[in-house]
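S.K.: Shown below is the structure under consideration.
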Number of protein chains: 2
Amino acid sequence: MATATSSVEEICRQAKAASHQLAQAGADVKNAALEAVADALITRTPEILEANAADLEAGRENGLSAALMDRLTLDAARVRAIAEGTRKIAQLGDPVGEVIDGFRLPNGLDVRKVRVPLGVVGVIYEARPNVTIDCAALCLKSGNAIVLRGSSSATHSNAILASIASDAATAAGLPEGALSLIGGGDRAELTELATQTETVDLIIPRGGEGLKNVLKDVATVPVIYAAAGNCHVYVDETADLAKAQEIVINAKVQRPGVCNAAETLLVHESVAERFLPRVLHALHDAGVQLHGDHATREAVPGIGVREAVAADWDTEYLDLEMAVKVVGSAEEAISHINKHGSGHSEAIVTGSADAARQFQLSVDAACVYVNASTRFTDGGEFGMGAEIGNSTQKLHARGPIGVRELCTFKYLVEGSGHVRI
Amino acid sequence: MATATSSVEEICRQAKAASHQLAQAGADVKNAALEAVADALITRTPEILEANAADLEAGRENGLSAALMDRLTLDAARVRAIAEGTRKIAQLGDPVGEVIDGFRLPNGLDVRKVRVPLGVVGVIYEARPNVTIDCAALCLKSGNAIVLRGSSSATHSNAILASIASDAATAAGLPEGALSLIGGGDRAELTELATQTETVDLIIPRGGEGLKNVLKDVATVPVIYAAAGNCHVYVDETADLAKAQEIVINAKVQRPGVCNAAETLLVHESVAERFLPRVLHALHDAGVQLHGDHATREAVPGIGVREAVAADWDTEYLDLEMAVKVVGSAEEAISHINKHGSGHSEAIVTGSADAARQFQLSVDAACVYVNASTRFTDGGEFGMGAEIGNSTQKLHARGPIGVRELCTFKYLVEGSGHVRI
């Protein structure tokens, strides 16, 4: 692995050189390397936990919050889970070399559109040391070199994880420089990484809005921003209300802190009186703080539904908190969603084929669900094996970003002396 | 069409509203609208030529160069060609609604990955008024609203073309606001358009490096930069030299001012003595100014091959001018190309299957040719019907940008009450 004394530019240049070899590494070599990384994580667990202990001690001294300390903490079980995740990625099909399209032109030229790696992917992340390995495994699998830049709070953990992975991958035949870690903590380094347009092909930030805003200001390398998710469940007039309740509860409560959890419930006025009391009591019993429009509060008094303010329709609570609104029609639900949603995951619960079709055609989001929870938007659930993030952008990758989305393509054209007339 | 007094923000908001309807317009409506635009261009040709005459007069007064005046000039034949181009786009298959992928998850959820329009595309262009219609046709065909911003030198021509197209499209059933033109000429307007992140989904610049650099500084909306093309032809030791010569001449001479023309010729040393004299004399006879390395100048004295300087290997001449270098191996050619090429179009001429495969695997470019001219990189040639540009970026679109590349996709997921466990 590149040493800590190398400059960011030098590390990225080495990554670029490695990427040319990696692009041609066969699936057998890449998969063996990932298995070797997993093996090394297990056998070298004591070193990892020792390094992690140093970060945890520094975290305690610096007064990190309990939530941050939890994210930072590794134990033998967590290391095992990281190793298992790596093996799972090894077992995925190789995205590189897949023929996406192919045709013969009228003049006889044969064209194949073939998936190839992007080259060098920079990942900038915060706190969780497991991201080091998750992202490295996805990038190596997709034939990309990776340059990691973690946070200062996880310096020791990230360094040992990256070093173990790099050593194991290199010993298994992947090129030196395929996996590098940049010191961490220094803002100047972040800016330097985000401006290596000659060598870095893509930056993926794994962190909060603060990190994203910094990158929006400084990055000249293309960035795919992981998603904010202001997701909705719309319960239509023809919905099976028992199923609707299960879906709403699942979308809000099963894991409220993630981007595919629902933040707003929209209910058709013709079922509001029947549906709202039962679903809101259930949400209330599950500990969900509710913000309702006038009709909602009228329909369900007594459980402390707060008056929704304008900001509620645009808020990603990421918590046991939900906005609720009664709408007059599917059209009104759709236009509310297209106005306030973040384009992540949107669901309709309906018995009507027409309403389902209209909702899927009209809602502008990465994933549009009929009679299912928004919680399924996930690379693992979608059979991609794992994801490096979830995109609400429309260009390149929309929805889960897996190994295919870490690739580009090229056109391979074969002729027998063809010239253009 | 939005009036010239509307603000850029207002025009973009109307475009966004129109885009929601456009996204659901059937191919029959869109195609009829494009045919109506073509008809209107023909019947209203006198108005177009009158407006164009006003621009030409202003151009003469402002001392525009002959080349710019030629780009600006419309006549009945050119208007007919624009109309025919529009009909050709109407005849393409509809990219919207194509199912790109689809699968059933283990839990029974059905997932379809379906192509949908991006929404609102902004096109910023210079001089050529035909771009107004070409880009409008591609955007409307792909279900996108378009906001055009032309140059001040073509104000009258662009205004009448946009007005004719908008009127015809609206009369044929497309929504108001689907096609708008922003005044033109004012830098503040350009900046405003390039920062409408709430409403504009993509900006495509059609112009020179100056325009691109302005956008790199100000744009917050995603931009796909049309390509610079520093393209190479590499003649391998096993090449059929007669075919190699045809390909080199074609790639350099057939249309030197375009991005897929070749700029550098690389020749394997074992064929340099046989090949260089014939090909360089032919290039010289075709009026090509040559810049050669030492070996090249030794091999072909007497026709004034200049000494190549370092900058020549990185220059896109876009003219009858070419750099020539002798290399020791296919590997050396590949590494020269990966170092100096712009990732656009690269060709090898070879009789060796191994060399062809190695070249295609290793060269990092949008289009990699074996035994064919680089000049084929073109949406029309590739059967895409037409292109709005050519991308050397790796994200989203690489190579020709046609109607499919003006789309994104969404995942449509159908269940029967599915919740995540």
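Labels used: A, B, ... for chains in the order of the structure tokens, numbers from 1 for residues in each chain, and numbers from 1 for ligands as shown.
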Which residues of chain A are close to chain B, meaning at most 6 Å apart when you count only C-alpha atoms, and how do they look as a PDB file with N, CA and C atoms, in the first residue's frame?
M.R.:
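File produced: out18.pdb:
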```pdb
ATOM      1  N   LYS A 243     -53.464  -4.517   4.618  1.00  0.00           N
ATOM      2  CA  LYS A 243     -52.146  -4.502   3.983  1.00  0.00           C
ATOM      3  C   LYS A 243     -51.526  -3.108   4.064  1.00  0.00           C
ATOM      4  N   ILE A 247     -47.891  -2.106   5.580  1.00  0.00           N
ATOM      5  CA  ILE A 247     -46.871  -1.434   4.761  1.00  0.00           C
ATOM      6  C   ILE A 247     -46.442  -0.124   5.409  1.00  0.00           C
ATOM      7  N   ALA A 366     -36.607   7.184  -8.118  1.00  0.00           N
ATOM      8  CA  ALA A 366     -35.766   6.048  -8.515  1.00  0.00           C
ATOM      9  C   ALA A 366     -36.550   4.734  -8.440  1.00  0.00           C
ATOM     10  N   CYS A 367     -37.352   4.571  -7.377  1.00  0.00           N
ATOM     11  CA  CYS A 367     -38.102   3.328  -7.183  1.00  0.00           C
ATOM     12  C   CYS A 367     -39.542   3.662  -6.847  1.00  0.00           C
ATOM     13  N   VAL A 368     -40.458   3.102  -7.606  1.00  0.00           N
ATOM     14  CA  VAL A 368     -41.874   3.368  -7.388  1.00  0.00           C
ATOM     15  C   VAL A 368     -42.572   2.041  -7.119  1.00  0.00           C
ATOM     16  N   TYR A 369     -43.144   1.924  -5.928  1.00  0.00           N
ATOM     17  CA  TYR A 369     -43.708   0.662  -5.451  1.00  0.00           C
ATOM     18  C   TYR A 369     -45.229   0.635  -5.531  1.00  0.00           C
ATOM     19  N   VAL A 370     -45.763  -0.500  -5.889  1.00  0.00           N
ATOM     20  CA  VAL A 370     -47.196  -0.752  -5.777  1.00  0.00           C
ATOM     21  C   VAL A 370     -47.381  -1.866  -4.750  1.00  0.00           C
ATOM     22  N   ASN A 371     -48.130  -1.570  -3.722  1.00  0.00           N
ATOM     23  CA  ASN A 371     -48.465  -2.561  -2.692  1.00  0.00           C
ATOM     24  C   ASN A 371     -47.237  -3.233  -2.082  1.00  0.00           C
ATOM     25  N   ALA A 372     -46.242  -2.413  -1.798  1.00  0.00           N
ATOM     26  CA  ALA A 372     -45.044  -2.918  -1.117  1.00  0.00           C
ATOM     27  C   ALA A 372     -44.404  -1.759  -0.357  1.00  0.00           C
ATOM     28  N   SER A 373     -43.634  -2.095   0.638  1.00  0.00           N
ATOM     29  CA  SER A 373     -42.959  -1.103   1.469  1.00  0.00           C
ATOM     30  C   SER A 373     -41.810  -0.439   0.724  1.00  0.00           C
ATOM     31  N   LYS A 394     -30.248  11.521 -11.456  1.00  0.00           N
ATOM     32  CA  LYS A 394     -30.810  10.850 -12.629  1.00  0.00           C
ATOM     33  C   LYS A 394     -29.740  10.406 -13.615  1.00  0.00           C
ATOM     34  N   LEU A 395     -28.553  10.998 -13.511  1.00  0.00           N
ATOM     35  CA  LEU A 395     -27.507  10.637 -14.461  1.00  0.00           C
ATOM     36  C   LEU A 395     -26.692   9.463 -13.923  1.00  0.00           C
ATOM     37  N   HIS A 396     -26.282   8.591 -14.843  1.00  0.00           N
ATOM     38  CA  HIS A 396     -25.446   7.425 -14.571  1.00  0.00           C
ATOM     39  C   HIS A 396     -26.163   6.391 -13.706  1.00  0.00           C
ATOM     40  N   THR A 408     -18.313   1.808 -16.357  1.00  0.00           N
ATOM     41  CA  THR A 408     -18.776   2.505 -17.541  1.00  0.00           C
ATOM     42  C   THR A 408     -18.807   1.445 -18.644  1.00  0.00           C
ATOM     43  N   LYS A 410     -17.449   0.610 -23.020  1.00  0.00           N
ATOM     44  CA  LYS A 410     -16.868   1.148 -24.242  1.00  0.00           C
ATOM     45  C   LYS A 410     -17.416   0.379 -25.430  1.00  0.00           C
ATOM     46  N   TYR A 411     -17.365   1.039 -26.578  1.00  0.00           N
ATOM     47  CA  TYR A 411     -17.803   0.393 -27.807  1.00  0.00           C
ATOM     48  C   TYR A 411     -16.587  -0.238 -28.472  1.00  0.00           C
ATOM     49  N   LEU A 412     -16.650  -1.540 -28.722  1.00  0.00           N
ATOM     50  CA  LEU A 412     -15.596  -2.226 -29.460  1.00  0.00           C
ATOM     51  C   LEU A 412     -16.116  -2.456 -30.879  1.00  0.00           C
ATOM     52  N   VAL A 413     -15.384  -1.933 -31.852  1.00  0.00           N
ATOM     53  CA  VAL A 413     -15.863  -1.955 -33.237  1.00  0.00           C
ATOM     54  C   VAL A 413     -14.853  -2.702 -34.098  1.00  0.00           C
ATOM     55  N   GLU A 414     -15.333  -3.670 -34.841  1.00  0.00           N
ATOM     56  CA  GLU A 414     -14.422  -4.456 -35.682  1.00  0.00           C
ATOM     57  C   GLU A 414     -14.810  -4.394 -37.140  1.00  0.00           C
ATOM     58  N   GLY A 415     -13.808  -4.128 -37.979  1.00  0.00           N
ATOM     59  CA  GLY A 415     -14.040  -4.069 -39.418  1.00  0.00           C
ATOM     60  C   GLY A 415     -12.963  -4.815 -40.163  1.00  0.00           C
ATOM     61  N   SER A 416     -12.950  -4.643 -41.466  1.00  0.00           N
ATOM     62  CA  SER A 416     -11.896  -5.279 -42.277  1.00  0.00           C
ATOM     63  C   SER A 416     -11.389  -4.246 -43.275  1.00  0.00           C
ATOM     64  N   GLY A 417     -11.009  -3.099 -42.732  1.00  0.00           N
ATOM     65  CA  GLY A 417     -10.502  -2.020 -43.566  1.00  0.00           C
ATOM     66  C   GLY A 417     -11.545  -0.955 -43.849  1.00  0.00           C
ATOM     67  N   HIS A 418     -12.580  -0.897 -43.021  1.00  0.00           N
ATOM     68  CA  HIS A 418     -13.681   0.042 -43.255  1.00  0.00           C
ATOM     69  C   HIS A 418     -13.259   1.506 -43.144  1.00  0.00           C
ATOM     70  N   VAL A 419     -13.673   2.294 -44.129  1.00  0.00           N
ATOM     71  CA  VAL A 419     -13.492   3.741 -44.066  1.00  0.00           C
ATOM     72  C   VAL A 419     -14.850   4.409 -44.278  1.00  0.00           C
TER      73      VAL A 419
END
```
S.K.: As a compact mmCIF listing (two decimals) with C-alpha atoms, in the first residue's frame, please: all residues of stretch 138-382 of chain A that backbone DSSP puts in alpha helix (DSSP H).
M.R.:
```txt
# COMPACT_ATOMS: atom_id res chain seq x y z
CA LEU A 138 -17.06 -3.44 -4.35
CA CYS A 139 -14.43 -1.42 -6.20
CA LEU A 140 -11.95 -4.28 -6.63
CA LYS A 141 -14.73 -6.62 -7.75
CA THR A 155 -7.52 6.65 11.79
CA HIS A 156 -6.04 3.57 13.43
CA SER A 157 -8.91 1.25 12.53
CA ASN A 158 -8.99 2.37 8.91
CA ALA A 159 -5.23 2.13 8.57
CA ILE A 160 -5.01 -1.46 9.78
CA LEU A 161 -8.07 -2.54 7.73
CA ALA A 162 -6.73 -0.95 4.55
CA SER A 163 -3.28 -2.36 5.16
CA ILE A 164 -4.60 -5.90 5.74
CA ALA A 165 -6.79 -5.69 2.63
CA SER A 166 -4.07 -4.23 0.45
CA ASP A 167 -1.50 -6.80 1.57
CA ALA A 168 -3.88 -9.70 1.01
CA ALA A 169 -5.08 -8.43 -2.37
CA THR A 170 -1.53 -7.83 -3.62
CA ALA A 171 -0.35 -11.23 -2.42
CA ARG A 187 -9.42 19.14 4.89
CA ALA A 188 -6.67 20.06 2.40
CA GLU A 189 -6.29 16.37 1.53
CA LEU A 190 -10.01 16.05 0.87
CA THR A 191 -9.89 18.99 -1.51
CA GLU A 192 -6.82 17.58 -3.20
CA LEU A 193 -8.48 14.20 -3.72
CA GLU A 209 -24.92 16.76 4.47
CA GLY A 210 -21.86 18.62 5.73
CA LEU A 211 -19.51 16.42 3.73
CA LYS A 212 -21.74 16.68 0.66
CA ASN A 213 -21.78 20.46 0.85
CA VAL A 214 -18.01 20.65 1.14
CA LEU A 215 -17.69 18.47 -1.97
CA LYS A 216 -20.26 20.52 -3.88
CA ASP A 217 -18.01 23.51 -3.33
CA VAL A 218 -14.65 22.00 -4.16
CA LEU A 241 -56.51 -1.35 4.56
CA ALA A 242 -54.98 -4.24 6.50
CA LYS A 243 -52.15 -4.50 3.98
CA ALA A 244 -51.87 -0.72 3.90
CA GLN A 245 -51.38 -0.65 7.66
CA GLU A 246 -48.67 -3.31 7.53
CA ILE A 247 -46.87 -1.43 4.76
CA VAL A 248 -47.07 1.94 6.53
CA ILE A 249 -45.82 0.50 9.82
CA ASN A 250 -43.02 -1.37 8.06
CA ALA A 251 -41.97 1.65 6.01
CA LYS A 252 -41.84 3.91 9.05
CA VAL A 253 -40.93 1.74 12.01
CA GLU A 269 -60.10 11.26 1.86
CA SER A 270 -62.64 8.53 1.17
CA VAL A 271 -60.81 6.08 3.43
CA ALA A 272 -59.40 8.62 5.89
CA GLU A 273 -62.10 8.08 8.50
CA ARG A 274 -61.77 4.30 8.42
CA PHE A 275 -58.01 4.10 8.02
CA LEU A 276 -56.46 6.98 9.94
CA PRO A 277 -57.59 6.03 13.47
CA ARG A 278 -56.24 2.49 13.26
CA VAL A 279 -52.96 3.30 11.53
CA LEU A 280 -52.19 6.38 13.62
CA HIS A 281 -52.90 4.54 16.87
CA ALA A 282 -50.60 1.77 15.74
CA LEU A 283 -47.87 4.27 14.80
CA HIS A 284 -48.41 6.09 18.10
CA ASP A 285 -48.12 2.80 20.00
CA HIS A 294 -56.20 19.65 9.75
CA ALA A 295 -58.23 16.69 8.44
CA THR A 296 -55.89 14.19 10.06
CA ARG A 297 -56.05 15.87 13.45
CA GLU A 298 -59.86 16.04 13.23
CA ALA A 299 -60.05 12.35 12.37
CA ALA A 330 -54.39 10.04 -6.50
CA GLU A 331 -53.48 13.06 -8.66
CA GLU A 332 -53.13 15.22 -5.57
CA ALA A 333 -50.96 12.56 -3.92
CA ILE A 334 -48.76 12.35 -7.01
CA SER A 335 -48.31 16.09 -7.26
CA HIS A 336 -47.55 16.35 -3.53
CA ILE A 337 -44.89 13.64 -3.96
CA ASN A 338 -43.36 15.22 -7.06
CA LYS A 339 -43.21 18.55 -5.24
CA HIS A 340 -41.86 17.40 -1.86
CA ALA A 353 -54.92 -1.21 -11.64
CA ASP A 354 -55.52 2.24 -13.11
CA ALA A 355 -54.33 4.05 -9.99
CA ALA A 356 -51.27 1.79 -9.75
CA ARG A 357 -50.32 2.46 -13.36
CA GLN A 358 -50.93 6.19 -13.09
CA PHE A 359 -48.79 6.37 -9.94
CA GLN A 360 -45.91 4.43 -11.50
CA LEU A 361 -45.97 6.49 -14.68
CA SER A 362 -46.26 9.87 -12.98
```
S.K.: If I take atom CA of B:Ala239 and atom CA of B:Val267, how far is one from the other in Å, to one decimal?
M.R.: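 Going from atom CA of B:Ala239 over to atom CA of B:Val267, I get 9.9 Å.
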S.K.: Compile the contact shell of A:Asp55 as a ChimeraX atom specification: residues with an atom at most 12 Å away, counting only C-alpha atoms, same-chain residues fewer than 2 positions apart removed.
M.R.: /A:48-53,57-62,64,68-74,127-129,151-160
S.K.: Mind checking DSSP for stretch 126-349 of chain B and telling me the strand (DSSP E) residues as number ranges by chain?
M.R.: B: 145-149, 179-182, 202-206, 231-235, 262-268, 289-292, 306-307, 321-327, 345-349
S.K.: Have a look at A:Val131, A:Ile42, A:Ile146, A:Ile82 and name the one nearest to A:Arg13; count only C-alpha atoms.
M.R.: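 With only C-alpha atoms as the atom set, the closest residue is A:Ile146.
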S.K.: Leaving out A:Arg149 and any residue of its chain fewer than 6 positions from it, which residues lie within 10 Å of it when counting only C-alpha atoms, given as a ChimeraX atom specification?
M.R.: /A:122-126,132,155,158,180-186,189-190,193,205
S.K.: Quick one, how far is atom CA of A:Ser6 from atom CA of A:Thr197?
M.R.: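 One can read the atom CA of A:Ser6 to atom CA of A:Thr197 distance as 18.2 Å.
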S.K.: Would you mind listing what lies within 12 Å of B:Glu316 as a PyMOL selection string, with only C-alpha atoms counted and same-chain residues fewer than 5 positions away left out?
M.R.: chain B and resi 227-232+252+256-264+311+321-323+340-342+344
S.K.: Provide the atom CA of A:Ala66 to atom CA of A:Gly287 distance in Å, to one decimal place.
M.R.: 21.2 Å
S.K.: I need the residue nearest A:Gly304 from this list: A:Leu318, A:Val288, A:Ala76, A:Ala38. Use only C-alpha atoms for the distance.
M.R.: A:Val288
S.K.: Which residue gives the smallest distance to A:His268 among A:Ala36, A:Val327, A:Ala226, A:Ala194, with only C-alpha atoms counted?
M.R.: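 Between A:Ala36, A:Val327, A:Ala226, A:Ala194, the residue approaching A:His268 most closely is A:Val327.
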